[in-house]
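Q: File final-v2.txt below, compact mmCIF, C-alpha atoms:
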# COMPACT_ATOMS: atom_id res chain seq x y z
CA MET A 1 103.26 96.15 50.58
CA SER A 2 100.50 97.46 52.85
CA LEU A 3 101.07 98.36 56.50
CA LYS A 4 98.85 95.43 57.51
CA ASP A 5 101.01 92.98 55.51
CA LYS A 6 104.23 94.45 56.93
CA VAL A 7 102.92 94.17 60.49
CA GLN A 8 101.67 90.61 59.83
CA ASN A 9 105.10 89.52 58.54
CA LEU A 10 106.97 91.13 61.45
CA LEU A 11 104.51 89.63 63.91
CA GLU A 12 104.97 86.14 62.46
CA GLU A 13 108.77 86.50 62.78
CA ALA A 14 108.48 87.71 66.39
CA LEU A 15 106.20 84.80 67.33
CA LEU A 16 108.57 82.30 65.68
CA GLU A 17 111.26 83.49 68.11
CA ARG A 18 108.91 82.90 71.05
CA PRO A 19 107.03 79.65 70.23
CA SER A 20 105.01 79.68 73.47
CA LEU A 21 103.25 82.86 72.28
CA PHE A 22 100.44 83.01 69.74
CA LEU A 23 98.34 85.68 68.06
CA ILE A 24 94.77 86.29 69.20
CA GLU A 25 94.00 89.39 67.16
CA GLN A 26 95.67 92.04 65.03
CA LYS A 27 93.85 95.23 64.03
CA ILE A 28 94.87 98.40 62.27
CA HIS A 29 92.51 101.23 63.15
CA PRO A 30 92.17 104.53 61.26
CA GLY A 31 95.23 106.73 61.65
CA ASN A 32 97.51 103.66 61.50
CA SER A 33 96.81 102.74 65.12
CA ILE A 34 98.09 99.15 65.34
CA GLU A 35 96.65 96.88 68.04
CA VAL A 36 98.06 93.41 68.66
CA ILE A 37 96.64 90.96 71.21
CA ILE A 38 98.76 87.91 72.08
CA ASP A 39 98.49 85.01 74.50
CA GLY A 40 100.90 82.32 75.60
CA ASP A 41 100.86 78.70 76.67
CA GLU A 42 102.32 79.79 80.03
CA GLY A 43 100.76 83.25 80.01
CA VAL A 44 102.22 86.51 78.73
CA THR A 45 104.75 88.67 80.56
CA VAL A 46 105.39 92.37 80.15
CA GLU A 47 108.74 91.38 78.63
CA ASP A 48 106.91 89.29 76.00
CA CYS A 49 104.78 92.31 75.03
CA ILE A 50 107.86 94.54 74.89
CA ALA A 51 109.76 92.04 72.70
CA VAL A 52 106.89 91.70 70.22
CA SER A 53 106.38 95.47 70.21
CA ARG A 54 110.06 96.10 69.49
CA ALA A 55 110.16 93.46 66.75
CA ILE A 56 107.39 95.34 64.95
CA GLU A 57 108.26 98.95 65.81
CA HIS A 58 111.98 98.74 65.07
CA ASN A 59 111.34 97.32 61.62
CA LEU A 60 108.79 99.88 60.41
CA ASP A 61 109.87 103.21 58.99
CA ARG A 62 108.09 106.16 60.64
CA GLU A 63 109.26 108.35 57.76
CA GLU A 64 107.30 106.12 55.40
CA GLU A 65 104.15 105.78 57.53
CA ASP A 66 103.30 107.35 60.86
CA PHE A 67 101.79 104.82 63.28
CA SER A 68 101.07 104.02 66.89
CA LEU A 69 101.49 100.52 68.27
CA GLN A 70 99.94 98.74 71.22
CA VAL A 71 100.80 95.12 72.09
CA MET A 72 98.84 93.52 74.93
CA SER A 73 97.95 90.17 76.41
CA ALA A 74 94.49 88.67 76.05
CA GLY A 75 92.22 89.63 78.92
CA VAL A 76 90.11 87.16 80.86
CA SER A 77 86.94 89.05 80.00
CA GLU A 78 87.60 88.57 76.28
CA GLY A 79 86.73 84.88 76.28
CA LEU A 80 88.66 82.00 74.74
CA ILE A 81 89.21 82.22 70.99
CA HIS A 82 92.23 80.09 70.14
CA LYS A 83 92.37 76.32 70.82
CA ARG A 84 95.71 76.79 72.61
CA GLN A 85 93.94 78.99 75.19
CA TYR A 86 91.83 76.04 76.34
CA LYS A 87 94.88 73.88 77.14
CA LYS A 88 96.33 76.45 79.53
CA ASN A 89 92.99 76.70 81.36
CA ILE A 90 92.58 73.01 82.23
CA GLY A 91 91.45 72.83 85.86
CA ARG A 92 89.64 76.17 85.72
CA LYS A 93 85.91 76.74 85.65
CA LEU A 94 84.46 77.79 82.28
CA LYS A 95 81.12 79.15 81.17
CA VAL A 96 80.44 77.84 77.66
CA LYS A 97 77.56 78.87 75.41
CA THR A 98 76.87 76.34 72.67
CA GLU A 99 75.23 76.76 69.26
CA GLY A 100 71.92 75.51 70.67
CA ASN A 101 72.01 78.43 73.15
CA GLN A 102 72.73 76.01 75.99
CA THR A 103 74.98 77.42 78.73
CA ILE A 104 77.18 75.01 80.64
CA GLU A 105 79.38 75.92 83.59
CA GLY A 106 81.94 73.38 84.68
CA GLU A 107 85.56 72.56 85.28
CA LEU A 108 87.60 72.12 82.11
CA THR A 109 89.10 68.65 82.60
CA SER A 110 90.48 67.78 79.17
CA VAL A 111 91.21 69.26 75.75
CA THR A 112 91.79 67.48 72.43
CA ASP A 113 92.30 68.80 68.90
CA ASP A 114 88.54 68.49 68.31
CA ASP A 115 86.77 69.13 71.62
CA ILE A 116 86.79 70.00 75.32
CA THR A 117 85.32 68.21 78.35
CA LEU A 118 83.55 69.98 81.21
CA VAL A 119 82.65 68.36 84.53
CA TRP A 120 80.28 69.79 87.16
CA LYS A 121 78.14 68.70 90.10
CA THR A 122 74.38 69.22 90.27
CA ARG A 123 71.50 68.30 92.57
CA GLU A 124 68.89 65.97 91.08
CA PRO A 125 65.85 64.15 92.46
CA LYS A 126 66.66 60.68 93.81
CA PRO A 127 65.76 57.89 91.38
CA VAL A 128 63.70 56.28 94.16
CA GLY A 129 62.11 58.09 97.10
CA LYS A 130 62.04 61.71 98.12
CA GLY A 131 64.89 64.20 98.28
CA LYS A 132 67.82 65.05 96.09
CA ILE A 133 71.29 63.68 95.56
CA THR A 134 74.44 65.30 94.19
CA VAL A 135 75.53 63.85 90.87
CA THR A 136 78.57 64.56 88.71
CA LYS A 137 77.85 65.42 85.09
CA GLU A 138 80.30 65.43 82.19
CA GLU A 139 79.90 66.90 78.73
CA CYS A 140 82.17 66.73 75.72
CA ILE A 141 81.75 69.80 73.48
CA SER A 142 83.30 70.14 70.03
CA TYR A 143 84.96 73.45 69.15
CA SER A 144 82.52 73.85 66.25
CA GLU A 145 79.60 73.93 68.74
CA ILE A 146 81.15 76.61 70.99
CA GLN A 147 79.74 80.10 70.42
CA GLU A 148 81.45 81.64 73.44
CA ALA A 149 83.67 80.38 76.25
CA LYS A 150 84.86 82.41 79.21
CA VAL A 151 86.94 81.59 82.26
CA ILE A 152 84.99 82.16 85.49
CA ILE A 153 87.17 83.99 87.97
CA THR A 154 86.48 83.19 91.61
CA PHE A 155 87.98 84.93 94.59
Could you express the structure from this file as structure tokens?

A:
Amino acid sequence: MSLKDKVQNLLEEALLERPSLFLIEQKIHPGNSIEVIIDGDEGVTVEDCIAVSRAIEHNLDREEEDFSLQVMSAGVSEGLIHKRQYKKNIGRKLKVKTEGNQTIEGELTSVTDDDITLVWKTREPKPVGKGKITVTKEECISYSEIQEAKVIITF
């Protein structure tokens, strides 16, 4: 069994013990440098990273294969990859780039198994007369149309 398969199996077991956590990415770089990125429905604590790290590290034999291991939480700058990441970000502002190269910034108001809904306000010309009015727009975007989605952090 390859190192990648061993790590994958141990990772699956560790995540079964902590159902609120899920895998974002697993890589094995040259020199057996293992990198695991996780996220959680309620976020990821240092203790979560330690538990997943131990579940992998304590079940691999360093005599058999030398390795280094890094387990970390998904960063905000990475963007949203997994559908479960959208649910935990309801109420936050997202910047979504769609397949048609359209960029939409708005508040994530709902998430289904197939799509997300963004709401935002914009200024548009009045239908009658001069001047502008503020209108609320809403767009439903299917996951298949999303090229990139990032949480916009405001301070």

Q: Got a sec: who's within 6 Å of Leu10 of chain A, counting all atoms listed in the file, leaving out chain neighbours fewer than 3 positions off, as a list in words?

A: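 The contact residues come out as Val7, Glu13 and Ile56 of chain A.
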
Q: Set the distance at 12 Å and use all atoms listed in the file: which residues neighbour Met1 of chain A once local chain neighbours fewer than 5 positions away are removed? I'd like the list as a PyMOL selection string.

A: chain A and resi 6-9+60+64-65

Q: How close does segment 71-109 of chain A get to segment 141-154 of chain A? List, as a Markdown table, each residue of segment 71-109 of chain A within 8 Å, its nearest atom pair and the distance in Å to one decimal, counting all atoms listed in the file.

A:
| residue | atom | partner | partner_atom | distance |
| --- | --- | --- | --- | --- |
| A:Val76 | CA | A:Val151 | CA | 6.6 |
| A:Ser77 | CA | A:Lys150 | CA | 7.0 |
| A:Glu78 | CA | A:Lys150 | CA | 7.4 |
| A:Gly79 | CA | A:Lys150 | CA | 4.3 |
| A:Leu80 | CA | A:Ala149 | CA | 5.5 |
| A:Ile81 | CA | A:Ala149 | CA | 7.9 |
| A:Asn89 | CA | A:Val151 | CA | 7.8 |
| A:Arg92 | CA | A:Val151 | CA | 7.0 |
| A:Lys93 | CA | A:Ile152 | CA | 5.5 |
| A:Leu94 | CA | A:Val151 | CA | 4.5 |
| A:Lys95 | CA | A:Lys150 | CA | 5.3 |
| A:Val96 | CA | A:Ala149 | CA | 4.3 |
| A:Lys97 | CA | A:Glu148 | CA | 5.2 |
| A:Thr98 | CA | A:Ile146 | CA | 4.6 |
| A:Glu99 | CA | A:Glu145 | CA | 5.2 |

Q: Using Å and a single decimal, report how far atom CA of Thr109 of chain A sits from atom CA of Ile133 of chain A.

A: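 Interatomic distance here is 22.6 Å.
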
Q: Using Å and a single decimal, report how far atom CA of Ala74 of chain A sits from atom CA of Asp5 of chain A.

A: 22.0 Å

Q: Determine the nearest neighbour of Gly43 of chain A from the options A:Lys88, A:Leu23, A:Glu17, A:Asp61, counting all atoms listed in the file.

A: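 When distances to Gly43 of chain A are compared using all atoms listed in the file, the smallest one comes from A:Lys88.
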
Q: If I put a ball of radius 12 Å at (108.1, 94.7, 70.7) in the file's coordinates, which residues poke into it when counting all atoms listed in the file, written as a ChimeraX atom specification?

A: /A:7,10-11,13-15,17-18,35-36,38,46-60,69-72

Q: Between atom CA of Ile28 of chain A and atom CA of Gly40 of chain A, what is the distance in Å, rounded to a tenth?

A: 21.7 Å

Q: Could you tell me which of A:Val128, A:Leu16, A:Val44, A:Cys140 comes closest to Ser110 of chain A if we count all atoms listed in the file?

A: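 When distances to Ser110 of chain A are compared using all atoms listed in the file, the smallest one comes from A:Cys140.
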
Q: As JSON, please: the centre and edge lengths in Å, to one decimal, of an axis-aligned box enclosing every listed atom of segment 32-41 of chain A with 3 Å added on each side.

A:
{"center_x": 98.8, "center_y": 91.2, "center_z": 69.1, "size_x": 10.3, "size_y": 31.0, "size_z": 21.2}

Q: Under the rule that all atoms listed in the file are counted, which of A:Leu3, A:Val111, A:Glu12, A:Pro19 is the nearest residue to Asn32 of chain A?

A: A:Leu3

Q: Rank nothing, just name the residue among A:Thr45, A:Thr136, A:Glu105, A:Pro30 nearest to Glu124 of chain A, using only C-alpha atoms.

A: A:Thr136

Q: Need the neighbours of (73.1, 67.3, 88.5): which residues are at most 8 Å away, counting only C-alpha atoms, as a count of residues only?

A: 9

Q: Between A:Gly91, A:Pro127, A:Gly75, A:Gly31, which residue has the minimum interatomic distance to Gly106 of chain A, considering all atoms listed in the file?

A: A:Gly91
